[in-house]
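Asks: Hey, dropping coords-v5.txt in here, compact mmCIF, C-alpha atoms and all ligand atoms:
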```txt
# COMPACT_ATOMS: atom_id res chain seq x y z
CA MET A 515 123.50 6.35 23.94
CA LEU A 516 121.65 9.24 22.60
CA TYR A 517 121.12 12.59 21.20
CA LEU A 518 119.95 14.17 18.01
CA LEU A 519 116.60 12.89 16.96
CA LYS A 520 115.96 10.47 14.17
CA SER A 521 114.68 13.30 12.01
CA ASN A 522 118.03 14.98 12.45
CA LEU A 523 119.98 12.18 10.85
CA LEU A 524 122.25 13.74 8.37
CA THR A 525 125.21 12.73 6.42
CA ARG A 526 128.06 14.98 5.43
CA ALA A 527 131.46 14.61 3.94
CA ILE A 528 134.18 15.79 6.32
CA GLY A 529 137.77 15.67 5.18
CA GLY A 530 136.90 13.24 2.43
CA TYR A 531 135.28 10.79 4.82
CA LEU A 532 131.66 10.26 5.27
CA VAL A 533 130.41 11.20 8.69
CA THR A 534 126.89 10.32 9.70
CA LEU A 535 125.54 12.22 12.64
CA ILE A 536 123.40 9.89 14.63
CA ALA A 537 121.43 10.04 17.74
CA CYS A 538 121.08 6.70 19.27
CA GLY A 539 122.87 3.52 18.46
CA CYS A 540 119.58 1.92 17.74
CA GLN A 541 119.16 3.77 14.48
CA SER A 542 120.82 3.02 11.23
CA PRO A 543 122.32 5.78 9.16
CA PRO A 544 120.93 6.45 5.72
CA LYS A 545 122.54 4.18 3.21
CA ASP A 546 123.65 5.14 -0.23
CA ALA A 547 126.35 3.79 -2.46
CA SER A 548 128.52 6.92 -2.53
CA SER A 549 128.48 7.29 1.23
CA ALA A 550 129.53 3.69 1.70
CA ALA A 551 132.34 4.05 -0.82
CA ALA A 552 133.65 7.21 0.82
CA ALA A 553 133.81 5.53 4.19
CA THR A 554 135.60 2.38 3.19
CA GLN A 555 139.12 3.62 2.61
CA VAL A 556 140.83 0.87 4.50
CA SER A 557 144.50 0.11 4.20
CA ALA A 558 145.46 -3.38 2.97
CA THR A 559 147.58 -3.81 6.12
CA TYR A 560 144.47 -3.94 8.29
CA ILE A 561 142.49 -6.05 5.85
CA ASP A 562 145.34 -8.60 5.97
CA GLU A 563 145.57 -8.33 9.73
CA VAL A 564 141.93 -9.25 10.28
CA LYS A 565 142.12 -12.10 7.75
CA THR A 566 145.09 -13.58 9.61
CA LEU A 567 143.34 -13.21 12.96
CA ALA A 568 140.12 -14.78 11.72
CA VAL A 569 141.79 -18.02 10.55
CA HIS A 570 143.86 -18.47 13.70
CA ALA A 571 142.94 -21.90 15.12
CA THR A 572 142.16 -20.63 18.63
CA VAL A 573 140.10 -17.77 17.23
CA ARG A 574 138.06 -20.31 15.19
CA GLU A 575 137.57 -22.25 18.39
CA THR A 576 136.42 -19.08 20.15
CA PHE A 577 133.91 -18.52 17.33
CA ASP A 578 132.60 -22.04 17.98
CA TRP A 579 132.20 -21.18 21.65
CA ILE A 580 130.20 -18.08 20.73
CA THR A 581 127.88 -20.32 18.69
CA THR A 582 127.63 -22.91 21.45
CA LEU A 583 126.76 -20.20 23.97
CA HIS A 584 124.07 -18.71 21.74
CA ASP A 585 121.13 -19.63 23.97
CA GLU A 586 123.00 -18.62 27.09
CA THR A 587 123.71 -15.22 25.52
CA THR A 588 119.97 -14.77 25.00
CA GLN A 589 119.21 -15.88 28.57
CA ASN A 590 121.79 -13.47 29.99
CA HIS A 591 120.39 -10.71 27.80
CA ILE A 592 116.84 -11.26 29.07
CA LEU A 593 117.90 -11.73 32.69
CA LEU A 594 119.83 -8.45 32.77
CA THR A 595 117.12 -6.53 30.89
CA GLU A 596 114.60 -7.52 33.55
CA ILE A 597 116.70 -6.00 36.34
CA PRO A 598 115.79 -2.30 36.36
CA ALA A 599 118.74 0.08 36.05
CA PRO A 600 117.29 3.61 36.21
CA PRO A 601 119.67 6.56 36.13
CA PHE A 602 121.76 6.64 39.32
CA LYS A 603 120.20 3.34 40.45
CA GLU A 604 122.23 0.74 38.59
CA ALA A 605 123.33 -1.19 41.70
CA ASP A 606 121.03 -4.23 41.37
CA ARG A 607 121.98 -4.81 37.78
CA ALA A 608 125.63 -4.09 38.55
CA ASN A 609 125.70 -6.74 41.31
CA GLN A 610 124.17 -9.30 38.99
CA PHE A 611 126.55 -8.42 36.15
CA LYS A 612 129.48 -8.72 38.56
CA ALA A 613 128.33 -12.19 39.64
CA MET A 614 127.99 -13.23 36.00
CA LEU A 615 131.49 -11.99 35.14
CA GLU A 616 132.86 -13.95 38.12
CA LEU A 617 131.11 -17.05 36.86
CA ALA A 618 132.48 -16.52 33.34
CA GLY A 619 135.94 -16.28 34.88
CA ALA A 620 138.55 -13.53 35.01
CA ASP A 621 141.76 -12.82 36.93
CA SER A 622 139.90 -10.33 39.06
CA VAL A 623 136.41 -8.89 39.14
CA TRP A 624 135.48 -5.85 41.19
CA MET A 625 133.18 -2.88 41.53
CA ASP A 626 134.79 0.54 41.77
CA SER A 627 133.56 3.25 44.11
CA ILE A 628 131.29 4.89 41.55
CA GLY A 629 129.59 1.58 40.72
CA ASN A 630 131.30 0.45 37.50
CA VAL A 631 131.93 -3.30 37.31
CA LEU A 632 135.31 -4.42 35.98
CA ALA A 633 136.77 -7.79 35.03
CA LEU A 634 140.48 -7.98 34.28
CA ARG A 635 141.76 -10.70 31.97
CA LYS A 636 145.54 -10.51 32.06
CA GLY A 637 147.59 -10.78 28.89
CA SER A 638 150.89 -12.59 28.45
CA GLU A 639 152.93 -9.41 28.03
CA ARG A 640 150.76 -6.83 29.82
CA LYS A 641 152.19 -3.86 27.94
CA LYS A 642 148.82 -2.49 26.92
CA THR A 643 145.26 -2.42 28.28
CA THR A 644 142.26 -2.58 25.98
CA VAL A 645 138.82 -1.89 27.42
CA ILE A 646 135.66 -3.39 26.02
CA GLU A 647 132.66 -1.77 27.64
CA ALA A 648 128.87 -1.57 27.66
CA HIS A 649 126.78 0.66 29.88
CA MET A 650 124.53 -0.75 32.59
CA ASP A 651 122.18 2.21 33.04
CA THR A 652 119.00 2.83 31.08
CA VAL A 653 116.96 6.01 30.62
CA PHE A 654 113.87 4.47 32.24
CA PRO A 655 112.71 5.65 35.68
CA GLU A 656 111.98 3.41 38.63
CA GLY A 657 108.72 1.53 38.28
CA THR A 658 108.99 1.06 34.50
CA ASP A 659 107.85 -2.42 33.48
CA VAL A 660 111.00 -4.04 32.12
CA THR A 661 109.54 -7.50 31.57
CA VAL A 662 110.75 -8.89 28.26
CA LYS A 663 107.87 -9.70 25.89
CA HIS A 664 108.29 -12.10 23.02
CA ARG A 665 106.32 -11.33 19.88
CA GLY A 666 107.40 -13.84 17.29
CA ASP A 667 111.20 -13.80 17.39
CA THR A 668 111.38 -10.19 18.48
CA LEU A 669 112.12 -9.23 22.08
CA TYR A 670 110.41 -6.13 23.45
CA ALA A 671 111.44 -4.35 26.64
CA PRO A 672 112.75 -0.94 27.64
CA GLY A 673 116.54 -1.17 27.46
CA ILE A 674 116.60 -4.45 25.55
CA GLY A 675 118.95 -2.98 22.96
CA ASP A 676 120.48 0.09 24.57
CA ASP A 677 122.59 -1.17 26.11
CA THR A 678 121.71 -4.49 27.73
CA ARG A 679 122.59 -6.40 24.56
CA GLY A 680 126.07 -4.92 24.96
CA LEU A 681 126.38 -6.44 28.44
CA ALA A 682 125.33 -9.87 27.12
CA ILE A 683 127.97 -9.57 24.38
CA LEU A 684 130.69 -8.87 26.97
CA LEU A 685 129.75 -11.94 29.02
CA THR A 686 129.77 -14.30 26.04
CA LEU A 687 133.00 -12.82 24.76
CA LEU A 688 134.75 -13.43 28.07
CA LYS A 689 133.37 -16.93 28.49
CA SER A 690 134.22 -17.90 24.89
CA MET A 691 137.80 -16.66 25.19
CA ASN A 692 138.15 -18.67 28.39
CA GLY A 693 136.54 -21.75 26.85
CA ALA A 694 138.87 -21.73 23.87
CA GLY A 695 141.91 -20.81 25.98
CA LEU A 696 142.54 -17.74 23.88
CA ARG A 697 145.31 -15.71 25.43
CA THR A 698 145.97 -12.11 24.51
CA GLN A 699 149.27 -10.26 24.72
CA GLY A 700 147.81 -7.15 26.32
CA ASP A 701 145.42 -6.99 29.24
CA VAL A 702 141.72 -6.86 28.49
CA LEU A 703 139.35 -5.07 30.83
CA PHE A 704 135.66 -5.93 30.49
CA VAL A 705 133.65 -3.05 31.94
CA GLY A 706 129.99 -2.36 32.70
CA THR A 707 129.65 1.36 33.33
CA VAL A 708 127.17 3.48 35.25
CA GLY A 709 125.84 6.87 34.20
CA GLU A 710 126.11 6.86 30.42
CA GLU A 711 122.63 8.19 29.81
CA GLY A 712 121.24 11.70 30.26
CA GLU A 713 122.09 13.36 33.53
CA GLY A 714 124.40 10.48 34.36
CA ASP A 715 126.70 12.66 32.26
CA LEU A 716 129.19 9.85 31.53
CA ARG A 717 130.10 9.72 35.21
CA GLY A 718 131.12 6.05 35.05
CA VAL A 719 133.56 6.39 32.17
CA LYS A 720 134.88 9.71 33.53
CA TYR A 721 135.64 8.01 36.83
CA LEU A 722 137.27 5.09 35.02
CA PHE A 723 139.73 7.45 33.35
CA GLU A 724 140.30 9.53 36.49
CA LYS A 725 140.81 6.75 39.00
CA GLY A 726 141.06 3.48 37.08
CA PRO A 727 144.04 1.73 35.53
CA LYS A 728 145.87 3.18 32.54
CA ILE A 729 143.85 2.48 29.40
CA ASP A 730 145.40 2.42 25.93
CA SER A 731 142.43 1.64 23.73
CA TYR A 732 138.66 1.72 24.25
CA LEU A 733 135.81 -0.16 22.58
CA ALA A 734 132.29 0.83 23.61
CA VAL A 735 129.63 -1.66 22.49
CA ASP A 736 126.73 0.77 22.22
CA GLY A 737 125.87 1.21 18.55
CA SER A 738 123.49 -0.58 16.23
CA ASP A 739 124.80 -2.16 13.03
CA ILE A 740 128.18 -3.83 12.86
CA GLY A 741 129.53 -1.57 10.10
CA GLN A 742 128.45 1.61 11.81
CA ILE A 743 131.44 2.89 13.73
CA THR A 744 131.38 6.00 15.89
CA ASN A 745 134.80 7.60 15.86
CA GLN A 746 133.78 11.12 16.79
CA GLY A 747 132.31 12.31 20.07
CA ILE A 748 129.84 15.18 20.02
CA GLY A 749 130.45 17.37 23.06
CA SER A 750 127.70 18.98 25.07
CA HIS A 751 127.12 21.41 27.90
CA ARG A 752 123.88 21.55 29.85
CA TYR A 753 122.87 24.13 32.41
CA ARG A 754 120.10 24.78 34.88
CA ILE A 755 119.75 28.53 35.28
CA THR A 756 117.72 29.92 38.18
CA PHE A 757 116.65 33.57 38.43
CA GLN A 758 115.39 34.68 41.83
CA GLY A 759 113.67 37.83 43.05
CA PRO A 760 111.65 38.85 46.11
CA GLY A 761 108.31 37.78 44.59
CA GLY A 762 105.04 39.42 45.54
CA HIS A 763 101.49 40.42 44.66
CA SER A 764 101.03 41.32 41.02
CA TYR A 765 99.28 44.56 41.98
CA GLY A 766 100.59 45.35 45.44
CA ALA A 767 104.26 44.57 44.76
CA TYR A 768 104.33 46.04 41.27
CA GLY A 769 107.76 47.48 40.52
CA ILE A 770 109.86 44.62 41.91
CA VAL A 771 112.06 42.58 39.55
CA ASN A 772 110.37 39.78 37.63
CA PRO A 773 112.53 36.63 37.22
CA HIS A 774 110.42 35.34 34.31
CA VAL A 775 111.15 38.47 32.34
CA ALA A 776 114.89 38.13 32.93
CA MET A 777 114.73 34.48 31.90
CA ALA A 778 112.75 35.25 28.76
CA LYS A 779 115.08 38.09 27.78
CA ALA A 780 118.15 35.94 28.42
CA MET A 781 116.85 33.09 26.29
CA ALA A 782 115.79 35.44 23.49
CA GLN A 783 119.22 37.13 23.50
CA TRP A 784 121.02 33.80 23.54
CA ASP A 785 118.83 32.48 20.75
CA GLU A 786 119.69 35.44 18.54
CA ALA A 787 123.44 35.39 19.23
CA ALA A 788 123.74 31.62 19.03
CA ARG A 789 121.89 31.41 15.73
CA LYS A 790 124.20 34.05 14.27
CA LEU A 791 127.21 32.00 15.35
CA ILE A 792 125.80 28.76 13.95
CA ASP A 793 124.75 30.38 10.67
CA LYS A 794 128.41 31.27 10.03
CA GLY A 795 128.96 27.56 9.31
CA GLY A 796 131.79 25.28 10.40
CA ALA A 797 131.51 22.38 12.81
CA LYS A 798 127.91 21.35 13.46
CA THR A 799 126.71 23.10 16.60
CA THR A 800 123.23 23.17 18.13
CA PHE A 801 121.42 24.60 21.12
CA SER A 802 118.06 24.21 22.78
CA VAL A 803 116.08 26.02 25.44
CA SER A 804 114.62 22.79 26.73
CA VAL A 805 112.63 22.94 29.97
CA ALA A 806 111.37 25.95 31.92
CA GLY A 807 109.34 26.54 35.06
CA GLY A 808 108.58 28.71 38.06
CA GLY A 809 105.83 30.99 39.26
CA THR A 810 102.97 30.35 41.65
CA SER A 811 99.74 32.00 40.47
CA VAL A 812 98.41 34.43 37.91
CA ASN A 813 98.25 37.26 40.43
CA SER A 814 101.80 36.83 41.72
CA ILE A 815 105.11 38.15 40.50
CA PRO A 816 107.21 34.97 40.66
CA TYR A 817 110.06 34.66 43.11
CA GLU A 818 111.77 32.15 40.85
CA SER A 819 112.16 31.26 37.20
CA TRP A 820 114.28 28.37 36.03
CA VAL A 821 115.29 26.97 32.69
CA ILE A 822 117.34 24.01 31.47
CA VAL A 823 119.35 24.41 28.29
CA ASP A 824 121.44 22.14 26.12
CA MET A 825 124.17 22.89 23.58
CA ARG A 826 126.25 20.55 21.46
CA SER A 827 129.07 20.73 19.01
CA GLU A 828 131.56 18.63 17.13
CA SER A 829 134.13 21.27 18.05
CA GLN A 830 135.30 22.08 21.57
CA GLU A 831 135.99 25.69 20.51
CA LYS A 832 132.50 26.20 19.10
CA LEU A 833 131.05 24.65 22.24
CA ALA A 834 133.01 27.12 24.35
CA GLU A 835 131.80 30.00 22.16
CA ILE A 836 128.12 29.15 22.35
CA ASP A 837 128.55 28.62 26.07
CA ARG A 838 130.04 32.09 26.46
CA LEU A 839 127.10 33.57 24.52
CA LEU A 840 124.74 32.00 27.04
CA HIS A 841 126.62 33.46 30.00
CA ASP A 842 126.70 36.90 28.32
CA ALA A 843 122.97 36.79 27.60
CA VAL A 844 122.14 35.84 31.19
CA ALA A 845 124.34 38.54 32.69
CA GLY A 846 123.04 41.15 30.21
CA SER A 847 119.37 40.41 30.79
CA VAL A 848 119.72 40.35 34.57
CA ALA A 849 121.38 43.78 34.43
CA GLU A 850 118.61 45.07 32.13
CA VAL A 851 115.85 43.88 34.43
CA ASN A 852 117.58 45.21 37.54
CA LYS A 853 117.82 48.62 35.88
CA THR A 854 114.04 48.77 35.38
CA LYS A 855 113.04 47.93 38.95
CA LYS A 856 111.18 50.52 41.03
CA LYS A 857 111.68 48.84 44.38
CA GLY A 858 112.96 45.76 46.21
CA ASN A 859 116.10 43.68 45.84
CA ASP A 860 118.00 42.93 42.67
CA LEU A 861 117.66 39.62 40.88
CA ALA A 862 119.98 36.81 41.87
CA VAL A 863 121.00 34.25 39.31
CA THR A 864 122.71 30.86 39.59
CA ILE A 865 124.06 28.99 36.61
CA GLU A 866 124.61 25.34 37.37
CA LEU A 867 126.45 23.07 34.96
CA ILE A 868 124.47 19.81 34.91
CA GLY A 869 126.06 18.16 31.90
CA ASP A 870 129.53 18.28 30.36
CA ARG A 871 130.48 15.82 27.64
CA PRO A 872 133.78 16.46 25.94
CA THR A 873 134.41 16.25 22.20
CA GLY A 874 137.09 14.22 20.48
CA THR A 875 137.87 12.32 17.32
CA ALA A 876 139.80 9.22 16.35
CA ALA A 877 141.15 9.86 12.84
CA PRO A 878 139.79 7.59 10.10
CA GLU A 879 143.36 6.58 9.25
CA SER A 880 144.25 5.73 12.87
CA PRO A 881 144.89 2.03 13.59
CA LEU A 882 141.79 1.48 15.75
CA VAL A 883 139.38 3.03 13.24
CA GLN A 884 141.10 1.22 10.37
CA ARG A 885 140.76 -2.05 12.29
CA ALA A 886 137.11 -1.39 13.07
CA MET A 887 136.44 -0.76 9.38
CA ALA A 888 138.58 -3.68 8.16
CA THR A 889 136.78 -6.07 10.53
CA ALA A 890 133.39 -4.87 9.28
CA LYS A 891 134.52 -5.44 5.70
CA TYR A 892 135.79 -8.91 6.60
CA LEU A 893 132.29 -9.74 7.84
CA GLY A 894 130.80 -8.42 4.59
CA LYS A 895 129.51 -5.12 6.01
CA GLU A 896 130.03 -1.69 4.51
CA PRO A 897 131.66 0.42 7.21
CA SER A 898 130.63 3.99 7.82
CA LEU A 899 131.90 6.48 10.36
CA SER A 900 129.67 8.55 12.58
CA ALA A 901 129.59 11.19 15.29
CA ALA A 902 127.57 10.62 18.44
CA SER A 903 127.59 11.18 22.15
CA THR A 904 128.64 8.01 23.94
CA ASN A 905 131.06 6.83 26.60
CA ALA A 906 133.76 6.96 23.91
CA ASN A 907 133.65 10.79 24.15
CA THR A 908 135.75 10.66 27.30
CA PRO A 909 138.72 8.63 26.00
CA LEU A 910 138.53 10.51 22.68
CA SER A 911 138.80 13.84 24.51
CA LEU A 912 141.89 12.52 26.30
CA GLY A 913 143.55 11.35 23.08
CA VAL A 914 142.98 7.66 23.86
CA PRO A 915 141.92 5.75 20.72
CA ALA A 916 138.23 4.86 21.06
CA VAL A 917 135.32 3.73 18.94
CA THR A 918 131.71 2.84 19.58
CA ILE A 919 130.73 -0.35 17.80
CA GLY A 920 127.44 -2.09 17.14
CA ARG A 921 125.43 -4.55 19.18
CA GLY A 922 124.33 -6.29 16.01
CA GLY A 923 120.99 -7.96 15.39
CA LYS A 924 118.18 -5.62 14.46
CA GLY A 925 116.70 -3.11 16.84
CA GLY A 926 114.69 0.05 17.25
CA GLY A 927 112.62 2.23 19.54
CA GLY A 928 115.62 3.12 21.69
CA HIS A 929 114.78 5.23 24.77
CA SER A 930 111.08 4.35 24.32
CA LEU A 931 108.85 1.83 26.06
CA ASN A 932 108.53 0.02 22.72
CA GLU A 933 112.21 -0.71 22.38
CA TRP A 934 112.83 -3.98 20.53
CA TRP A 935 115.67 -6.20 19.47
CA LEU A 936 115.66 -9.10 17.03
CA ASP A 937 118.33 -11.77 17.03
CA GLU A 938 119.18 -11.65 13.36
CA ASN A 939 122.74 -13.01 13.21
CA GLY A 940 123.24 -11.59 16.68
CA ASP A 941 126.35 -13.72 17.20
CA GLU A 942 128.07 -11.88 14.37
CA ALA A 943 128.43 -8.77 16.54
CA ILE A 944 130.21 -10.89 19.16
CA GLN A 945 132.58 -12.21 16.49
CA TYR A 946 133.10 -8.64 15.33
CA ALA A 947 133.90 -7.45 18.85
CA LEU A 948 136.27 -10.40 19.32
CA LEU A 949 138.24 -9.73 16.14
CA LEU A 950 138.56 -6.02 16.89
CA LEU A 951 139.54 -6.72 20.48
CA LEU A 952 142.21 -9.18 19.33
CA ALA A 953 143.57 -6.75 16.75
CA GLU A 954 144.09 -4.27 19.60
CA ALA A 955 145.20 -6.65 22.35
CA GLY A 956 147.19 -9.08 20.16
CA ILE A 957 147.13 -12.87 20.39
CA SER A 958 149.77 -14.45 22.58
CA ALA A 959 152.08 -16.94 20.88
CA ASN A 960 152.16 -19.03 24.06
ZN ZN B 1001 123.52 3.51 24.97
```
Spit out the file's structure as structure tokens when you get a sec.
Ligand SMILES: [Zn+2]

Replies:
Amino acid sequence: MLYLLKSNLLTRAIGGYLVTLIACGCQSPPKDASSAAAATQVSATYIDEVKTLAVHATVRETFDWITTLHDETTQNHILLTEIPAPPFKEADRANQFKAMLELAGADSVWMDSIGNVLALRKGSERKKTTVIEAHMDTVFPEGTDVTVKHRGDTLYAPGIGDDTRGLAILLTLLKSMNGAGLRTQGDVLFVGTVGEEGEGDLRGVKYLFEKGPKIDSYLAVDGSDIGQITNQGIGSHRYRITFQGPGGHSYGAYGIVNPHVAMAKAMAQWDEAARKLIDKGGAKTTFSVSVAGGGTSVNSIPYESWVIVDMRSESQEKLAEIDRLLHDAVAGSVAEVNKTKKKGNDLAVTIELIGDRPTGTAAPESPLVQRAMATAKYLGKEPSLSAASTNANTPLSLGVPAVTIGRGGKGGGGHSLNEWWLDENGDEAIQYALLLLLAEAGISAN
């Protein structure tokens, strides 16, 4: 989970609710009393619902199982962390996770064709399917040392929090429900997804909604603190734009089109137009000219210039607008440069979409968000709502209720080699996930 840097943490009131824009699940939002109060408008119905669930005898027994399995949860967590899962290379970890789900026990466990691992636990009535999911991929490339180091009680390893702790939570949840014989009314699908991070572009969750079973409700375990609930998906578009010309000697071929100039003009024009749009206000929207390259030597007119850009918005309309400004700027600058050429071919340009994350929101008063907040309150946490870019973006964009919830414990350094996680009441996040899952799936009377 990702996006927006720590320094960009900001908190704003939207529609009377507090929305904290966060980057990575590993970071906590700023805390202040007014923000907490604004976020905790929870209906008594849901407070009562969670109280009833939490005292149910079989639920108490499931809590005991979570406690009993504490050391196993830690072992699973470490074992999975030490299996590298670079972007697009999640297979080894996926196979292990699949074997562990089979061992925990489910009605069926399988891997879909994109590499997601699914375990179906059938309900008594089967009228609804609730997904609880964590992502298997990490941001770390092949060859990264993923050995877990213990310093005091703290575990250090790339990916230890984001999102391997989520996978360990899923395993213990499934095994505890089985141990206690806790039956739900609706089906529960435990899912480990591929491609959540970076250029993975949510390909696992997108596939799940395109080709998988019908899903009615979606819980992504990919945040930090228990009370921090992501109910809003920040959308993004990313492009690689390549400008190509004939290329030639800087002196001898003078007069041919220069792709670098077209690229620079395009980015400058986009920057100006996009800033104007953003300065008008409205839904938070950002853009970045992120990576650029091309050219061969100082005495050559380049044959190629490429640039990778990123844009994000809370609003699908704003995202479309800033996207259109980019396309206009590219077309305009290419035409300008072609007009100035003295000889040779025109510039060619390709605009390749390399990232597309949809936006979406689950309303604060919707049952799932109310339940997520009520459950946090039940566990003594102040809930707050946030916007982020996670797997939940996809269901949210399709109108399927979805939230991203916390992995619990304490953690930091997400997406860095110094990532750490500390088991401070780590089991509480599993209890939290259980209660929210049961509120959605219902407990069977049988
Ligand atoms: Zn994540």

Asks: Chain A near ligand ZN 1001 (chain B) within 12 Å: what's each residue's closest atom pair and its distance in Å to one decimal, counting only C-alpha atoms and all ligand atoms, ordered by chain then ascending residue number, as CSV?

Replies:
```
residue,atom,partner,partner_atom,distance
A:Met515,CA,B:ZN1001,ZN,3.0
A:Leu516,CA,B:ZN1001,ZN,6.5
A:Tyr517,CA,B:ZN1001,ZN,10.1
A:Ala537,CA,B:ZN1001,ZN,10.0
A:Cys538,CA,B:ZN1001,ZN,7.0
A:Gly539,CA,B:ZN1001,ZN,6.5
A:Cys540,CA,B:ZN1001,ZN,8.4
A:Gln541,CA,B:ZN1001,ZN,11.4
A:Glu647,CA,B:ZN1001,ZN,10.9
A:Ala648,CA,B:ZN1001,ZN,7.9
A:His649,CA,B:ZN1001,ZN,6.5
A:Met650,CA,B:ZN1001,ZN,8.8
A:Asp651,CA,B:ZN1001,ZN,8.3
A:Thr652,CA,B:ZN1001,ZN,7.6
A:Val653,CA,B:ZN1001,ZN,9.0
A:Pro672,CA,B:ZN1001,ZN,12.0
A:Gly673,CA,B:ZN1001,ZN,8.8
A:Ile674,CA,B:ZN1001,ZN,10.6
A:Gly675,CA,B:ZN1001,ZN,8.2
A:Asp676,CA,B:ZN1001,ZN,4.6
A:Asp677,CA,B:ZN1001,ZN,4.9
A:Thr678,CA,B:ZN1001,ZN,8.7
A:Arg679,CA,B:ZN1001,ZN,10.0
A:Gly680,CA,B:ZN1001,ZN,8.8
A:Leu681,CA,B:ZN1001,ZN,10.9
A:Gly706,CA,B:ZN1001,ZN,11.7
A:Thr707,CA,B:ZN1001,ZN,10.6
A:Val708,CA,B:ZN1001,ZN,10.9
A:Gly709,CA,B:ZN1001,ZN,10.1
A:Glu710,CA,B:ZN1001,ZN,6.9
A:Glu711,CA,B:ZN1001,ZN,6.8
A:Gly712,CA,B:ZN1001,ZN,10.0
A:Gly714,CA,B:ZN1001,ZN,11.7
A:Leu716,CA,B:ZN1001,ZN,10.7
A:Ala734,CA,B:ZN1001,ZN,9.3
A:Val735,CA,B:ZN1001,ZN,8.4
A:Asp736,CA,B:ZN1001,ZN,5.0
A:Gly737,CA,B:ZN1001,ZN,7.2
A:Ser738,CA,B:ZN1001,ZN,9.6
A:Ala902,CA,B:ZN1001,ZN,10.5
A:Ser903,CA,B:ZN1001,ZN,9.1
A:Thr904,CA,B:ZN1001,ZN,6.9
A:Asn905,CA,B:ZN1001,ZN,8.4
A:Ala906,CA,B:ZN1001,ZN,10.9
A:Thr918,CA,B:ZN1001,ZN,9.8
A:Ile919,CA,B:ZN1001,ZN,10.9
A:Gly920,CA,B:ZN1001,ZN,10.4
A:Arg921,CA,B:ZN1001,ZN,10.1
A:Gly928,CA,B:ZN1001,ZN,8.6
A:His929,CA,B:ZN1001,ZN,8.9
```

Asks: Let me make sure I understand: among A:Thr668, A:Asn932, A:Thr875, A:Thr643, which one has the smallest atom-to-atom distance to Val917 in chain A if we use all atoms listed in the file?

Replies: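 Residue with the minimum atom-to-atom distance to Val917 in chain A: A:Thr875.
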
Asks: Distance CA of Pro727 in chain A-CA of Gly922 in chain A, one decimal place?

Replies: 28.9 Å

Asks: Using all atoms listed in the file, which of the listed residues (A:Ser814, A:Ile683, A:Arg754, A:Ala571) sits closest to Leu867 in chain A?

Replies: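 Closest to Leu867 in chain A of all the choices is A:Arg754.
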
Asks: Need to verify the contact set: Ile868 in chain A, 9 Å, all atoms listed in the file, exclusion of same-chain residues closer than 6 positions in sequence. Can you return it as a PDB file with C-alpha atoms, in the coordinates of the input?

Replies:
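Full text of selection-v7.pdb as output:
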```
ATOM      1  CA  GLU A 713     122.090  13.360  33.530  1.00  0.00           C
ATOM      2  CA  ASP A 715     126.700  12.660  32.260  1.00  0.00           C
ATOM      3  CA  HIS A 751     127.120  21.410  27.900  1.00  0.00           C
ATOM      4  CA  ARG A 752     123.880  21.550  29.850  1.00  0.00           C
ATOM      5  CA  TYR A 753     122.870  24.130  32.410  1.00  0.00           C
ATOM      6  CA  ARG A 754     120.100  24.780  34.880  1.00  0.00           C
ATOM      7  CA  ILE A 822     117.340  24.010  31.470  1.00  0.00           C
TER       8      ILE A 822
END
```

Asks: Would you compute the distance between CA of Thr873 in chain A and CA of Val556 in chain A? Give it in Å to one decimal.

Replies: 24.3 Å

Asks: With all atoms listed in the file as the basis for distance, which of A:Lys895, A:Lys642, A:Lys798, A:Lys663 is at the shortest distance from Gly956 in chain A?

Replies: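 Closest residue, counting all atoms listed in the file: A:Lys642.
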
Asks: With only C-alpha atoms as the basis for distance, which of A:Trp935, A:Tyr768, A:Phe704, A:Tyr892 is at the shortest distance from Ile729 in chain A?

Replies: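 So, comparing all the options, the nearest one is A:Phe704.
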
Asks: So which one's closest to Val719 in chain A, A:Glu656, A:Ala888, A:Ala877, A:Leu632? Using all atoms listed in the file, please.

Replies: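 Once distances to Val719 in chain A are computed over all atoms listed in the file, the minimum belongs to A:Leu632.
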
Asks: Under the rule that only C-alpha atoms are counted, which of A:Thr744, A:Thr587, A:Asn772, A:Ser880 is the nearest residue to Ile944 in chain A?

Replies: A:Thr587

Asks: At a cut-off of 9 Å, using only C-alpha atoms, what residues contact range 605-610 of chain A? Leave out same-chain residues fewer than 4 positions from it and give the result as a VMD selection string.

Replies: chain A and resid 594 to 599 614 to 615 625 629 to 631 650 to 651 706 to 708

Asks: Would you pick out the contacts of Arg885 in chain A at 9 Å or less, using only C-alpha atoms, so that residues sharing its chain but fewer than 2 positions from it are not included, and give the list as a VMD selection string?

Replies: chain A and resid 556 560 to 561 563 to 564 880 to 883 887 to 890 949 to 950 953 to 954

Asks: Which residues come within 9 Å of range 829-839 of chain A, counting all atoms listed in the file, excluding same-chain residues fewer than 2 positions away, as an MDAnalysis selection string?

Replies: chainID A and resid 748:751 783:784 787:788 791:792 796:801 825:827 841:844 872:874

Asks: Could you state the separation of CA of Leu722 in chain A and CA of Asp941 in chain A in Å, given to one decimal place?

Replies: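 A separation of 28.1 Å between them.
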
Asks: Within 6 Å of range 855-860 of chain A, counting all atoms listed in the file, which residues qualify if same-chain residues fewer than 5 places away don't, as a PyMOL selection string?

Replies: chain A and resi 769-771
